[in-house]
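Below you'll find the structure, written out as structure tokens, and then a few comments.
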Amino acid sequence: MTLPPSALRRRCDPAALGFATTAELQGPAGVPGQARAEDALAFGLGMQREGYHLFAMGPVGVGRHSLVRARLEAEAARRAAPADWCYVFNFDAPHRPRALRLPAGQANAFRDAMARLVEDLSAAIAAAFETDEYRNRHREIETELAERQEHALNDLGARARADGIALVRTPSGFGFGPFNKAGDGVMEPEEFGKLEAAEQRRVEQRIDALQKELGDLLHLMPKWRREAHDKMRSLDREVTRAAVASLIEELKAAYAALPDVQAYLERVKADTLENAAAFRQAKEGSEPPTLFGMPLPRPEGMEGPFRRYSVNVLIAHDGANGAPVVSEDHPSHAALVGRIEHIPQMGALVTDFTLIRAGALHRANGGYLVLDAAKVLVQPYAWEALKRALRSRTIDVRTLGQELGILSTVSLEPEPIPLDVKLVLIGERLLYYLLHAWDPEFAELFKVAVDFEEDMPRGPQDDALYARLIAGCAQREQLRPLEAAAVARVIEHQARDAGDADKLSVRVQALVDLLREADHWAGEAGRAAIGAGDVRRAIDAQVARLDRVRNRLQEHIVRGTLLIDTAGSRVAQVNGLAVLQLGDFAFGSPHRITSRVRLGSGGVVDIEREAELGGPIHSKGVLVLSGYLAGRYMPTRPLSLSATLVFEQLYGGIEGDSASSAELYALLSALAGAPVKQSLAVTGSVNQHGDIQAIGGVNEKIEGFFDLCRARGLTGDQGVLIPQANVKHLMLREDAVQAVADGQFAVFPVSTVDEGIERLTGVPAAEIHARVEARLEEFAEQARAFAQSAGRKPWRGAKKK
Amino acid sequence: MARREEEVRIRRVIACFAPGHAARPEAAARLARELEAEFLGLFIEDVELLRFASLPFAREVGLASALPMAMSLAGLERQMRAQARLLEDALQAIFGPAAPWSFRVERASPSSAVEAALAEGHAPALLVPPGGDVRAERRLVRRVELTTAALREWMEGKRPVLVLPE
């Protein structure tokens with residue numbers, strides 16, 4: 001029985017769609033076919049418990065990103081904008097910058113207010129130190145010290161003078177020498193030499209005593225200076241406090257509701273009192289630091305001593321409506337948790353709290369973060385950092401160098417920031433299952449699986465629903481409207497893309513690409529709406545861009561380089577069908593499968609496996625054949641058969657069991673000596689009971705053989721045997737369907753090996769089985785005779801083997 | 001007084017240097033350049049100090065160490081020569097060959113050395129004492145008022161003196 005054309009392609013009737021063009025339609029509310037994913041998304045986003053992060057899995061192009069993004073944005077719009085975060089100087093531990101939380105949109109204002117405060121402080125402090133009052137009090141302290149020292153020295157000098165000794169200032173201090181007779185200068189050495197010895201001794205003793213007194217006096221001077229210095233410092237603090245207090249109190253009042261900011265400003269106040277001199281020096285201006293005459297780089301922002309009062313706004317939400325939805329396309333370690341920049345200074349790398357930069361987690365804090373799982377996993381240490389942040393619910397800005405302990409330069413340990421984020425990882429299913437299997441933390445952190453479908457059912461109403469999806473895509477992409485016939489053509493193509501007449505592919509990206517390209521061709525033709533011809537042209541052009549390999553392969557067959565017969569009959573030779581997937585393009589191609597049989601005990605030998613060209617599933621399929629042969633023909637005796645099977649002229653390897661029925665037909669043909677019609681090709685796997693089972697890529701396989709037959713000329717007796725179970729998957733090309741309708745080509749559904757072998761050989765299955773059985777019996781007899789003549793049990797060799 | 005100073009154009013800056021005072025000629029030299037005045041660096045080797053160093057038991061008590069240390073005339077002269085050389089080099093670097101400046105070493109009492117320097121010219125001159133502060137408030141005196149005693153007192157201070165012609 002051949003399949004009628006109507007079974008080869010499920011048509012979509014444009015008239016039944018009920019519209020002229022998609023301009024009359026509105027896009028669907030949700031995404032058709034993704035109800036499970038949408039429910040999971042809604043649950044995951046609503047579930048505010050630890051570990052309920054989401055993993056959106058599914059193949060590329062099914063709209064994971066757009067659906068997730070749309071749902072997150074809708075959810076985010078309902079929430080309030082989260083807090084702003086800043087890093088400020090930690091006056092107690094400068095290497096541990098403090099994190100400061102401010103209400104949304106206030107961080108930049110606070111930063112500006114601090115900058116203004118520093119400016120105001122500079123002016124106010126400098127002005128305070130320039131008042132007459134300060135100068136007078138300062139001068140008073142200086143004068144007091146100078147007078148105290150001078151009086152002490154004068155007093156000592158007066159006492160020395162009373163004893164005829166002069167106090168002399170020397171390069172390094174003071175000395176004592178006897179006055180000359182006139183009393184107006186130091187005595188000449190000759191004059192001193194003329195003094196009596198007793199007088200000389202007296203003078204020297206007195207000088208010794210005075211020197212000791214002077215030494216004691218000089219010992220006191222540092223203490224006096226210190227006392228004077230303390231007085232000056234106290235004066236400075238007093239003056240600074242008066243200048244600073246009102247300015248800082250004013251700022252504190254503006255942030256009265258924020259205790260952390262209050263505490264910080266209190267520390268700023270204390271620090272300015274300690275460092276009032278910096279404000280005064282700044283007023284005078286300072287040269288940039290240089291090394292060998294070259295100016296050294298300085299961080300941007302406030303100058304040297306005032307950097308500590310600057311505010312590093314890490315995250316600000318000025319004018320934000322709702323919670324943030326952040327996607328990070330390059331999720332490196334630094335891009336996720338932030339980084340600490342360094343600047344070179346005198347050959348060393350230095351940093352401070354103003355060089356802390358935000359990462360995606362900071363930006364998404366209080367909202368949602370969307371990451372591509374594969375991209376996270378390939379970035380060194382990014383996955384670990386991400387899990388650590390989710391587990392600890394804090395963002396700890398640490399450089400990779402710090403994490404690995406390889407950074408020898410000075411760095412920071414910023415105070416971690418509390419993290420409240422809903423993370424959505426997007427990735428392939430394989431990644432989800434691998435992570436689930438190999439990373440114990442994964443299941444704890446990503447409890448919500450959002451599983452996207454590749455296709456949706458194609459029920460009676462679904463073509464119309466899908467038409468709305470198409471309309472929505474066209475409108476979103478600002479394309480021309482599609483005519484009903486064009487929509488029908490797209491729907492049929494999407495069914496073909498799904499590989500199932502009863503399904504529709506929801507690979508939205510591929511759909512949008514097709515619509516864009518059809519729109520392009522409609523534009524080329526100057527049409528206002530996209531017609532069915534434009535869609536067909538877009539599909540054909542997509543294929544034409546990718547089918548170079550298919551054409552070359554077919555050319556090799558047509559020219560006889562690759563041996564495939566499409567006419568005549570031949571024993572032990574069957575046309576099998578394989579699918580090649582090259583990038584986005586899959587196509588079917590026939591392959592010659594041959595078999596040789598002889599006496600032996602090796603069962604069925606898969607040459608592909610022996611040559612390591614066959615995959616494990618293919619090998620399994622061949623091993624199933626041994627089971628079929630033994631069970632069907634020799635259930636009570638050893639199988640004295642050695643058969644070989646090979647895909648002729650196949651050098652690139654083969655996987656899958658879809659050719660196992662073709663291999664069995666080749667084997668049966670060889671054993672029965674029944675020629676197989678070469679005008680037919682076969683696909684389908686077989687089980688040990690001889691049932692034909694479904695395979696994948698049935699449409700591509702049929703079309704692959706059809707294309708070859710058409711190239712050689714359709715004869716009317718050509719066709720393909722497919723598993724009955726695959727009939728529902730048929731969505732053949734229109735030209736192939738037309739050929740069937742014209743009686744030039746045929747598709748035969750088969751359920752059992754018996755049906756298939758009859759179709760291929762034209763010989764009743766019972767006769768084939770009888771011949772095979774007889775041949776195997778013959779082999780068994782020969783084996784027995786051979787074993788007896790050799791003195792061996794026939795099965796011993798098999799056992800040993 | 002300030003108004004009078006504004007009216008006077010300073011023609012000479014005489015910066016005095018002496019052992020035992022910080023030798024920083026930069027501020028005085030810069031001032032001379034700003035005023036486009038002639039600069040004289042006067043290093044005074046105080047004869048009183050030299051006489052003291054000649055005494056057999058001469059010792060000085062260090063200001064920083066507060067300990068007595070032996071002094072010798074040869075050592076003092078060596079120190080003076082070295083200090084004078086450093087000063088001259090510093091002034092050479094500041095002024096270069098084109099500017100009107102000079103430097104000399106006088107072995108005399110400080111007051112007579114300054115008197116001699118003042119006597120060389122009649123133009124208004126700014127006298128900067130050893131270790132003096134050129135930015136400190138200046139005193140204005142007429143040449144005739146600058147007696148030996150007044151000079152001795154001035155030499156111990158920090159304030160510059162603007163000496164007006166007689």
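Ordering of the structure tokens sets the chain letters (A, B, ...); residue numbers start at 1 within each chain; ligands are numbered from 1 in the order shown.
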Can you write out as a Markdown table which residues of chain A fall within 12 Å of chain B, alongside each residue's closest atom pair and its distance in Å to one decimal, counting only C-alpha atoms and ordering rows by chain and ascending residue number?
| residue | atom | partner | partner_atom | distance |
| --- | --- | --- | --- | --- |
| A:Ala146 | CA | B:Gly157 | CA | 11.6 |
| A:Gln149 | CA | B:Leu63 | CA | 11.8 |
| A:Glu150 | CA | B:Glu156 | CA | 11.3 |
| A:Leu153 | CA | B:Leu63 | CA | 11.8 |
| A:Ile165 | CA | B:Phe52 | CA | 11.3 |
| A:Ala166 | CA | B:Phe52 | CA | 9.5 |
| A:Leu167 | CA | B:Phe52 | CA | 10.0 |
| A:Val168 | CA | B:Leu49 | CA | 6.9 |
| A:Arg169 | CA | B:Gly20 | CA | 7.3 |
| A:Thr170 | CA | B:Gly20 | CA | 5.7 |
| A:Pro171 | CA | B:Gly20 | CA | 3.3 |
| A:Ser172 | CA | B:Gly62 | CA | 5.3 |
| A:Gly173 | CA | B:Gly62 | CA | 4.5 |
| A:Phe174 | CA | B:Glu60 | CA | 5.2 |
| A:Gly175 | CA | B:Glu60 | CA | 4.2 |
| A:Phe176 | CA | B:Arg59 | CA | 7.4 |
| A:Gly177 | CA | B:Phe52 | CA | 6.2 |
| A:Pro178 | CA | B:Phe52 | CA | 8.7 |
| A:Phe179 | CA | B:Phe52 | CA | 9.9 |
| A:Asn180 | CA | B:Arg51 | CA | 10.8 |
| A:Asp184 | CA | B:Glu48 | CA | 9.9 |
| A:Gly185 | CA | B:Glu48 | CA | 6.7 |
| A:Val186 | CA | B:Phe52 | CA | 6.2 |
| A:Met187 | CA | B:Arg51 | CA | 7.4 |
| A:Glu188 | CA | B:Arg51 | CA | 6.1 |
| A:Pro189 | CA | B:Leu55 | CA | 5.0 |
| A:Glu190 | CA | B:Leu55 | CA | 8.7 |
| A:Glu191 | CA | B:Leu55 | CA | 9.9 |
| A:Phe192 | CA | B:Leu55 | CA | 7.9 |
| A:Gly193 | CA | B:Pro56 | CA | 9.3 |
| A:Gln200 | CA | B:Phe57 | CA | 10.2 |
| A:Arg201 | CA | B:Phe57 | CA | 10.7 |
| A:Val203 | CA | B:Phe57 | CA | 10.1 |
| A:Glu204 | CA | B:Phe57 | CA | 7.4 |
| A:Gln205 | CA | B:Phe57 | CA | 10.6 |
| A:Arg206 | CA | B:Phe57 | CA | 11.9 |
| A:Ile207 | CA | B:Phe57 | CA | 9.2 |
| A:Asp208 | CA | B:Pro68 | CA | 9.1 |
| A:Ala209 | CA | B:Pro68 | CA | 11.2 |
| A:Leu210 | CA | B:Val61 | CA | 10.2 |
| A:Gln211 | CA | B:Val61 | CA | 6.7 |
| A:Lys212 | CA | B:Pro68 | CA | 8.1 |
| A:Glu213 | CA | B:Ala66 | CA | 10.0 |
| A:Leu214 | CA | B:Val61 | CA | 7.3 |
| A:Gly215 | CA | B:Ala66 | CA | 4.6 |
| A:Asp216 | CA | B:Ala66 | CA | 7.4 |
| A:Leu217 | CA | B:Ala66 | CA | 8.2 |
| A:Leu218 | CA | B:Ala66 | CA | 5.5 |
| A:His219 | CA | B:Ala66 | CA | 6.2 |
| A:Leu220 | CA | B:Ala66 | CA | 9.7 |
| A:Met221 | CA | B:Leu63 | CA | 9.2 |
| A:Pro222 | CA | B:Ala64 | CA | 9.0 |
Keeping C-alpha atoms for every residue in the selection just given, could you write it to a file as a PDB file, in the first residue's frame?
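File again.pdb, as written:
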ATOM      1  CA  ALA A 146      60.230  82.487  71.959  1.00  0.00           C
ATOM      2  CA  GLN A 149      63.491  80.476  75.491  1.00  0.00           C
ATOM      3  CA  GLU A 150      64.981  83.924  75.144  1.00  0.00           C
ATOM      4  CA  LEU A 153      69.042  82.149  77.662  1.00  0.00           C
ATOM      5  CA  ILE A 165      81.839  85.148  81.008  1.00  0.00           C
ATOM      6  CA  ALA A 166      80.310  85.876  77.579  1.00  0.00           C
ATOM      7  CA  LEU A 167      77.591  83.737  75.948  1.00  0.00           C
ATOM      8  CA  VAL A 168      78.640  83.214  72.326  1.00  0.00           C
ATOM      9  CA  ARG A 169      76.445  81.881  69.517  1.00  0.00           C
ATOM     10  CA  THR A 170      78.261  79.168  67.591  1.00  0.00           C
ATOM     11  CA  PRO A 171      77.327  77.381  64.333  1.00  0.00           C
ATOM     12  CA  SER A 172      75.698  74.518  66.243  1.00  0.00           C
ATOM     13  CA  GLY A 173      74.621  76.091  69.472  1.00  0.00           C
ATOM     14  CA  PHE A 174      76.191  78.217  72.201  1.00  0.00           C
ATOM     15  CA  GLY A 175      79.545  78.494  73.957  1.00  0.00           C
ATOM     16  CA  PHE A 176      80.994  80.356  76.867  1.00  0.00           C
ATOM     17  CA  GLY A 177      84.231  82.429  76.841  1.00  0.00           C
ATOM     18  CA  PRO A 178      85.772  84.921  79.230  1.00  0.00           C
ATOM     19  CA  PHE A 179      85.222  88.610  78.516  1.00  0.00           C
ATOM     20  CA  ASN A 180      88.281  90.680  77.682  1.00  0.00           C
ATOM     21  CA  ASP A 184      83.170  94.304  75.057  1.00  0.00           C
ATOM     22  CA  GLY A 185      84.225  90.987  73.568  1.00  0.00           C
ATOM     23  CA  VAL A 186      85.709  87.566  74.117  1.00  0.00           C
ATOM     24  CA  MET A 187      89.201  87.470  75.507  1.00  0.00           C
ATOM     25  CA  GLU A 188      92.072  86.828  73.094  1.00  0.00           C
ATOM     26  CA  PRO A 189      93.830  83.468  73.688  1.00  0.00           C
ATOM     27  CA  GLU A 190      97.112  85.295  74.422  1.00  0.00           C
ATOM     28  CA  GLU A 191      95.410  87.401  77.033  1.00  0.00           C
ATOM     29  CA  PHE A 192      93.927  84.322  78.605  1.00  0.00           C
ATOM     30  CA  GLY A 193      97.392  82.735  78.624  1.00  0.00           C
ATOM     31  CA  GLN A 200      92.391  80.328  84.450  1.00  0.00           C
ATOM     32  CA  ARG A 201      91.109  77.391  86.480  1.00  0.00           C
ATOM     33  CA  VAL A 203      87.232  80.643  84.586  1.00  0.00           C
ATOM     34  CA  GLU A 204      87.303  77.168  83.176  1.00  0.00           C
ATOM     35  CA  GLN A 205      85.379  75.743  86.171  1.00  0.00           C
ATOM     36  CA  ARG A 206      82.802  78.465  85.880  1.00  0.00           C
ATOM     37  CA  ILE A 207      82.470  77.815  82.158  1.00  0.00           C
ATOM     38  CA  ASP A 208      82.017  74.087  82.862  1.00  0.00           C
ATOM     39  CA  ALA A 209      79.247  74.888  85.311  1.00  0.00           C
ATOM     40  CA  LEU A 210      77.582  77.261  82.855  1.00  0.00           C
ATOM     41  CA  GLN A 211      77.799  74.683  80.094  1.00  0.00           C
ATOM     42  CA  LYS A 212      76.027  72.201  82.337  1.00  0.00           C
ATOM     43  CA  GLU A 213      73.357  74.744  83.099  1.00  0.00           C
ATOM     44  CA  LEU A 214      73.000  75.476  79.408  1.00  0.00           C
ATOM     45  CA  GLY A 215      72.701  71.760  78.677  1.00  0.00           C
ATOM     46  CA  ASP A 216      69.918  71.466  81.264  1.00  0.00           C
ATOM     47  CA  LEU A 217      68.213  74.477  79.771  1.00  0.00           C
ATOM     48  CA  LEU A 218      68.404  73.112  76.224  1.00  0.00           C
ATOM     49  CA  HIS A 219      66.941  69.844  77.468  1.00  0.00           C
ATOM     50  CA  LEU A 220      63.884  71.758  78.589  1.00  0.00           C
ATOM     51  CA  MET A 221      63.372  73.483  75.288  1.00  0.00           C
ATOM     52  CA  PRO A 222      61.807  70.522  73.374  1.00  0.00           C
TER      53      PRO A 222
END
* To do: Mind checking which residues fall within 8 Å of segment 29-37 of chain B, counting only C-alpha atoms, ignoring those fewer than 3 positions away in the same chain, and posting them as number ranges by chain?
  => B: 10-13, 25-26, 91, 94-95, 100, 134
Give me a file of those residues, with C-alpha atoms, as a compact mmCIF listing (two decimals), in the first residue's frame.
# COMPACT_ATOMS: atom_id res chain seq x y z
CA ILE B 10 64.18 99.13 46.60
CA ARG B 11 67.42 99.18 44.60
CA ARG B 12 69.48 96.74 46.63
CA VAL B 13 68.81 93.63 48.66
CA PRO B 25 69.15 82.37 50.11
CA GLU B 26 66.22 81.45 47.85
CA LEU B 91 73.09 81.90 44.30
CA ILE B 94 69.41 81.00 41.15
CA PHE B 95 70.67 84.03 39.26
CA PRO B 100 73.11 91.76 38.82
CA VAL B 134 61.90 88.19 54.00
* Residue neighbourhood Ile125 of chain A, 8 Å, only C-alpha atoms, exclusion window fewer than 4 positions, as a list of chain:residue names ->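 Listing them by chain and then by number gives A:Leu121, A:Phe129, A:Val239, A:Thr240, A:Ala243, A:Val244, A:Ala276, A:Phe279, A:Arg280.
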* So which one's closest to Glu453 of chain A, A:Ala107, A:Leu504, A:Val747, A:Leu247? Using only C-alpha atoms, please. ->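 Closest to Glu453 of chain A of all the choices is A:Leu504.
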* Asked: Hey, what's within 12 Å of Ala117 of chain B if we count only C-alpha atoms and toss same-chain stuff fewer than 6 positions away? As a list in words, please?
  ->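 Here the qualifying residues turn out to be Arg12, Val13, Ile14, Ala15, Cys16, Phe39, Leu40, Gly41, Leu42, Phe43, Ile44, Ser102, Phe103, Arg104, Val105, Glu106, Ala108, Pro110, Ser111, Ala123, Ala125, Leu126, Leu127 and Val163 of chain B.
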Using C-alpha atoms, can you export the residues from the last selection as a PDB file, in the first residue's frame?
ATOM      1  CA  ARG B  12      69.477  96.736  46.626  1.00  0.00           C
ATOM      2  CA  VAL B  13      68.812  93.632  48.658  1.00  0.00           C
ATOM      3  CA  ILE B  14      71.567  92.800  51.125  1.00  0.00           C
ATOM      4  CA  ALA B  15      71.102  89.319  52.485  1.00  0.00           C
ATOM      5  CA  CYS B  16      73.350  88.578  55.450  1.00  0.00           C
ATOM      6  CA  PHE B  39      71.489  91.473  45.160  1.00  0.00           C
ATOM      7  CA  LEU B  40      74.391  91.198  47.564  1.00  0.00           C
ATOM      8  CA  GLY B  41      74.993  88.047  49.523  1.00  0.00           C
ATOM      9  CA  LEU B  42      77.105  88.924  52.531  1.00  0.00           C
ATOM     10  CA  PHE B  43      78.616  86.059  54.468  1.00  0.00           C
ATOM     11  CA  ILE B  44      79.965  87.382  57.762  1.00  0.00           C
ATOM     12  CA  SER B 102      77.347  89.459  43.960  1.00  0.00           C
ATOM     13  CA  PHE B 103      78.537  87.471  46.905  1.00  0.00           C
ATOM     14  CA  ARG B 104      81.374  88.110  49.293  1.00  0.00           C
ATOM     15  CA  VAL B 105      82.782  86.921  52.555  1.00  0.00           C
ATOM     16  CA  GLU B 106      83.640  89.490  55.239  1.00  0.00           C
ATOM     17  CA  ALA B 108      84.587  91.361  60.741  1.00  0.00           C
ATOM     18  CA  PRO B 110      78.517  91.753  61.901  1.00  0.00           C
ATOM     19  CA  SER B 111      77.698  95.413  62.409  1.00  0.00           C
ATOM     20  CA  ALA B 123      70.037 103.719  47.038  1.00  0.00           C
ATOM     21  CA  ALA B 125      68.348  98.907  50.401  1.00  0.00           C
ATOM     22  CA  LEU B 126      66.590  96.048  52.062  1.00  0.00           C
ATOM     23  CA  LEU B 127      68.689  94.392  54.739  1.00  0.00           C
ATOM     24  CA  VAL B 163      67.208 101.420  54.846  1.00  0.00           C
TER      25      VAL B 163
END
* Hey, what's within 6 Å of segment 582-589 of chain A if we count only C-alpha atoms and toss same-chain stuff fewer than 5 positions away? As number ranges by chain, please? -> A: 577, 700-701, 704
Residues just named, written with C-alpha atoms as a PDB file, in the first residue's frame:
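Listing of result.pdb after writing:
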ATOM      1  CA  LEU A 577      19.042   6.375   3.887  1.00  0.00           C
ATOM      2  CA  GLU A 700      14.796  14.518   4.752  1.00  0.00           C
ATOM      3  CA  LYS A 701      15.455  10.857   3.990  1.00  0.00           C
ATOM      4  CA  GLY A 704      17.080  12.674  -0.396  1.00  0.00           C
TER       5      GLY A 704
END
* To do: Write out as a PyMOL selection string which residues come within 8 Å of Arg733 of chain A when counting only C-alpha atoms, dropping same-chain ones fewer than 3 positions away.
  => chain A and resi 9+703+736-737
Can I get the selection written as a compact mmCIF listing (two decimals), in the first residue's frame, with C-alpha atoms?
# COMPACT_ATOMS: atom_id res chain seq x y z
CA ARG A 9 1.96 16.79 3.88
CA GLU A 703 13.44 13.76 -0.13
CA ALA A 736 7.81 15.39 -3.73
CA VAL A 737 4.13 15.35 -2.84
* To do: Work out how far atom CA of Phe446 of chain A is from atom CA of Trp85 of chain A, in Å to one decimal.
  =>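 Taking atom CA of Trp85 of chain A as the start and atom CA of Phe446 of chain A as the end point, the length is 26.7 Å.
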* To do: Quick one: pull the distance between atom CA of Gly719 of chain A and atom CA of Val646 of chain A, Å, one decimal.
  =>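 So the two atoms, atom CA of Gly719 of chain A and atom CA of Val646 of chain A, lie 22.3 Å apart.
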* Asked: DSSP on the backbone: what in segment 19-164 of chain B comes out strand (DSSP E or B), as JSON, numbers by chain?
  -> {"B": [38, 39, 40, 41, 42, 43, 44, 45, 46, 59, 60, 61, 62, 68, 69, 70, 101, 102, 103, 104, 105, 106, 107, 108, 125, 126, 127, 128, 139, 140, 141, 142, 161, 162, 163, 164]}
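The protein and nucleic acid residues lying at most 9 Å from Ala374 of chain A are A:Ile426, A:Gly427, A:Glu428, A:Leu431, with only C-alpha atoms considered and sequence neighbours fewer than 6 positions away removed.
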Would you output that residue set with C-alpha atoms, as a PDB file, in the first residue's frame?
ATOM      1  CA  ILE A 426      19.429  30.596  30.387  1.00  0.00           C
ATOM      2  CA  GLY A 427      20.993  27.557  28.814  1.00  0.00           C
ATOM      3  CA  GLU A 428      20.600  24.335  26.942  1.00  0.00           C
ATOM      4  CA  LEU A 431      23.806  22.085  30.756  1.00  0.00           C
TER       5      LEU A 431
END
* To do: Check the DSSP output for the backbone and give back, as an NGL selection string, the residues of segment 87-210 of chain A in alpha helix (DSSP H).
  => :A and (107-129 or 132-162 or 189-194 or 197-210)
